[in-house]
Amino acid sequence: MIILLLILNGNYPLEIPKIISKSNFSHPTLMDGRDLMPEICPRWAANKTKLIDIVKKVDRKSVV
């Protein structure tokens, strides 16, 4: 199981959320606190992207 943390601050949806890995599933590890959002949603549009779209992208990438 891979655990990802979706962080929304008080400025959402104007500010991009962060996705951080809480699982060590790769080498080198991605569990070093880096923001994975640019990898998962590279074309973030704050006024058009919904949280459900982010979750679907994460789910789709986890199947690969």
# chains A, B, ... in the order shown; residues from 1 in each chain; ligands from 1

call {"tool": "select_by_dssp", "arguments": {"residues": "chain A", "states": "strand (DSSP E)", "output": "ChimeraX atom specification"}}
result
/A:4-7,18-21

call {"tool": "residues_around", "arguments": {"residues": "Phe25 in chain A", "least_positions_apart": "6", "cutoff": "9 Å", "atoms": "only C-alpha atoms", "output": "count of residues only"}}
result
3

call {"tool": "residues_around", "arguments": {"residues": "range 43-58 of chain A", "least_positions_apart": "3", "cutoff": "10 Å", "atoms": "only C-alpha atoms", "output": "list in words"}}
result
Leu4, Leu6, Leu8, Tyr12, Pro13, Leu14, Glu15, Ile16, Pro17, Ile19, Met37, Pro38, Glu39, Ile40, Lys61, Ser62 and Val63 of chain A

call {"tool": "write_last_selection", "arguments": {"atoms": "N, CA, C and O atoms", "output": "mmCIF file, in the first residue's frame"}}
result
data_model
loop_
_atom_site.group_PDB
_atom_site.id
_atom_site.type_symbol
_atom_site.label_atom_id
_atom_site.label_comp_id
_atom_site.auth_asym_id
_atom_site.auth_seq_id
_atom_site.Cartn_x
_atom_site.Cartn_y
_atom_site.Cartn_z
ATOM 1 N N LEU A 4 -0.202 8.475 0.338
ATOM 2 C CA LEU A 4 0.119 9.835 -0.083
ATOM 3 C C LEU A 4 -0.696 10.811 0.745
ATOM 4 O O LEU A 4 -1.850 10.551 1.068
ATOM 5 N N LEU A 6 -2.336 14.498 0.860
ATOM 6 C CA LEU A 6 -2.772 15.647 0.072
ATOM 7 C C LEU A 6 -2.924 16.825 1.031
ATOM 8 O O LEU A 6 -3.728 16.784 1.955
ATOM 9 N N LEU A 8 -3.815 20.728 1.646
ATOM 10 C CA LEU A 8 -4.491 21.935 1.162
ATOM 11 C C LEU A 8 -4.302 23.019 2.211
ATOM 12 O O LEU A 8 -4.543 22.790 3.389
ATOM 13 N N TYR A 12 -6.511 27.408 -0.895
ATOM 14 C CA TYR A 12 -7.053 26.553 -1.954
ATOM 15 C C TYR A 12 -8.408 27.104 -2.379
ATOM 16 O O TYR A 12 -9.179 27.507 -1.526
ATOM 17 N N PRO A 13 -8.730 27.214 -3.623
ATOM 18 C CA PRO A 13 -8.090 26.656 -4.810
ATOM 19 C C PRO A 13 -7.138 27.607 -5.514
ATOM 20 O O PRO A 13 -6.654 27.303 -6.591
ATOM 21 N N LEU A 14 -6.837 28.751 -4.908
ATOM 22 C CA LEU A 14 -5.930 29.686 -5.569
ATOM 23 C C LEU A 14 -4.475 29.243 -5.507
ATOM 24 O O LEU A 14 -3.679 29.607 -6.351
ATOM 25 N N GLU A 15 -4.134 28.466 -4.512
ATOM 26 C CA GLU A 15 -2.773 27.947 -4.380
ATOM 27 C C GLU A 15 -2.770 26.446 -4.615
ATOM 28 O O GLU A 15 -3.685 25.739 -4.185
ATOM 29 N N ILE A 16 -1.747 25.970 -5.274
ATOM 30 C CA ILE A 16 -1.651 24.557 -5.645
ATOM 31 C C ILE A 16 -1.512 23.691 -4.390
ATOM 32 O O ILE A 16 -0.690 23.975 -3.524
ATOM 33 N N PRO A 17 -2.316 22.609 -4.298
ATOM 34 C CA PRO A 17 -2.143 21.667 -3.187
ATOM 35 C C PRO A 17 -0.805 20.943 -3.305
ATOM 36 O O PRO A 17 -0.182 20.957 -4.369
ATOM 37 N N ILE A 19 1.247 17.188 -2.670
ATOM 38 C CA ILE A 19 1.108 15.749 -2.459
ATOM 39 C C ILE A 19 2.468 15.245 -2.002
ATOM 40 O O ILE A 19 3.480 15.437 -2.685
ATOM 41 N N MET A 37 3.172 16.893 -6.547
ATOM 42 C CA MET A 37 2.103 17.460 -7.373
ATOM 43 C C MET A 37 2.552 17.764 -8.801
ATOM 44 O O MET A 37 1.828 17.457 -9.743
ATOM 45 N N PRO A 38 3.737 18.355 -9.025
ATOM 46 C CA PRO A 38 4.154 18.627 -10.402
ATOM 47 C C PRO A 38 4.269 17.363 -11.260
ATOM 48 O O PRO A 38 4.083 17.412 -12.463
ATOM 49 N N GLU A 39 4.566 16.228 -10.627
ATOM 50 C CA GLU A 39 4.664 14.963 -11.363
ATOM 51 C C GLU A 39 3.286 14.378 -11.663
ATOM 52 O O GLU A 39 3.079 13.753 -12.695
ATOM 53 N N ILE A 40 2.356 14.569 -10.750
ATOM 54 C CA ILE A 40 1.023 13.981 -10.891
ATOM 55 C C ILE A 40 0.108 14.859 -11.739
ATOM 56 O O ILE A 40 -0.629 14.365 -12.592
ATOM 57 N N LYS A 61 -2.150 6.684 -11.721
ATOM 58 C CA LYS A 61 -0.703 6.520 -11.729
ATOM 59 C C LYS A 61 -0.264 5.389 -10.807
ATOM 60 O O LYS A 61 0.759 4.767 -11.024
ATOM 61 N N SER A 62 -1.034 5.119 -9.765
ATOM 62 C CA SER A 62 -0.651 4.055 -8.847
ATOM 63 C C SER A 62 -0.863 2.665 -9.445
ATOM 64 O O SER A 62 -0.265 1.709 -9.000
ATOM 65 N N VAL A 63 -1.685 2.572 -10.472
ATOM 66 C CA VAL A 63 -1.939 1.287 -11.122
ATOM 67 C C VAL A 63 -0.754 0.884 -11.978
ATOM 68 O O VAL A 63 -0.482 -0.290 -12.167
#

call {"tool": "atom_distance", "arguments": {"atom1": "CA of Asn9 in chain A", "atom2": "CA of His27 in chain A"}}
result
29.3 Å

call {"tool": "select_by_dssp", "arguments": {"residues": "chain A", "states": "helix (DSSP H, G or I)", "output": "short mmCIF file (atom, residue, chain, number, x, y, z; two decimals) with N, CA, C and O atoms, in the first residue's frame"}}
result
data_model
loop_
_atom_site.label_atom_id
_atom_site.label_comp_id
_atom_site.auth_asym_id
_atom_site.auth_seq_id
_atom_site.Cartn_x
_atom_site.Cartn_y
_atom_site.Cartn_z
N MET A 37 3.17 16.89 -6.55
CA MET A 37 2.10 17.46 -7.37
C MET A 37 2.55 17.76 -8.80
O MET A 37 1.83 17.46 -9.74
N PRO A 38 3.74 18.35 -9.02
CA PRO A 38 4.15 18.63 -10.40
C PRO A 38 4.27 17.36 -11.26
O PRO A 38 4.08 17.41 -12.46
N GLU A 39 4.57 16.23 -10.63
CA GLU A 39 4.66 14.96 -11.36
C GLU A 39 3.29 14.38 -11.66
O GLU A 39 3.08 13.75 -12.70
N ILE A 40 2.36 14.57 -10.75
CA ILE A 40 1.02 13.98 -10.89
C ILE A 40 0.11 14.86 -11.74
O ILE A 40 -0.63 14.37 -12.59
N LEU A 51 -10.54 18.70 -6.84
CA LEU A 51 -9.86 17.69 -6.02
C LEU A 51 -10.12 16.28 -6.54
O LEU A 51 -9.22 15.45 -6.55
N ILE A 52 -11.32 16.00 -6.99
CA ILE A 52 -11.62 14.66 -7.49
C ILE A 52 -10.76 14.33 -8.70
O ILE A 52 -10.34 13.19 -8.88
N ASP A 53 -10.43 15.32 -9.53
CA ASP A 53 -9.55 15.09 -10.68
C ASP A 53 -8.14 14.72 -10.23
O ASP A 53 -7.49 13.87 -10.83
N ILE A 54 -7.67 15.36 -9.17
CA ILE A 54 -6.35 15.03 -8.62
C ILE A 54 -6.34 13.60 -8.09
O ILE A 54 -5.43 12.83 -8.36
N VAL A 55 -7.38 13.24 -7.35
CA VAL A 55 -7.47 11.89 -6.79
C VAL A 55 -7.50 10.85 -7.91
O VAL A 55 -6.83 9.82 -7.83
N LYS A 56 -8.23 11.11 -8.97
CA LYS A 56 -8.29 10.18 -10.10
C LYS A 56 -6.93 10.02 -10.75
O LYS A 56 -6.54 8.93 -11.12
N LYS A 57 -6.17 11.12 -10.89
CA LYS A 57 -4.84 11.04 -11.48
C LYS A 57 -3.89 10.23 -10.59
O LYS A 57 -3.12 9.43 -11.09
N VAL A 58 -3.97 10.44 -9.28
CA VAL A 58 -3.14 9.67 -8.36
C VAL A 58 -3.48 8.21 -8.46
O VAL A 58 -2.61 7.35 -8.56
N ASP A 59 -4.76 7.89 -8.48
CA ASP A 59 -5.20 6.50 -8.56
C ASP A 59 -4.74 5.86 -9.86
O ASP A 59 -4.26 4.73 -9.88
N ARG A 60 -4.85 6.57 -10.96
CA ARG A 60 -4.44 6.06 -12.27
C ARG A 60 -2.94 5.80 -12.30
O ARG A 60 -2.48 4.79 -12.82
N LYS A 61 -2.15 6.68 -11.72
CA LYS A 61 -0.70 6.52 -11.73
C LYS A 61 -0.26 5.39 -10.81
O LYS A 61 0.76 4.77 -11.02
N SER A 62 -1.03 5.12 -9.76
CA SER A 62 -0.65 4.05 -8.85
C SER A 62 -0.86 2.66 -9.45
O SER A 62 -0.26 1.71 -9.00
N VAL A 63 -1.68 2.57 -10.47
CA VAL A 63 -1.94 1.29 -11.12
C VAL A 63 -0.75 0.88 -11.98
O VAL A 63 -0.48 -0.29 -12.17
#

call {"tool": "atom_distance", "arguments": {"atom1": "CA of Gly33 in chain A", "atom2": "CA of Gly10 in chain A"}}
result
19.9 Å

call {"tool": "residues_around", "arguments": {"residues": "Leu30 in chain A", "least_positions_apart": "4", "cutoff": "7 Å", "atoms": "only C-alpha atoms", "output": "ChimeraX atom specification"}}
result
/A:21,24,26

call {"tool": "write_last_selection", "arguments": {"atoms": "C-alpha atoms", "output": "PDB file, in the first residue's frame"}}
result
ATOM      1  CA  SER A  21       4.613  10.441  -0.025  1.00  0.00           C
ATOM      2  CA  ASN A  24       8.884   4.165   0.987  1.00  0.00           C
ATOM      3  CA  SER A  26      11.000   3.417  -4.613  1.00  0.00           C
TER       4      SER A  26
END
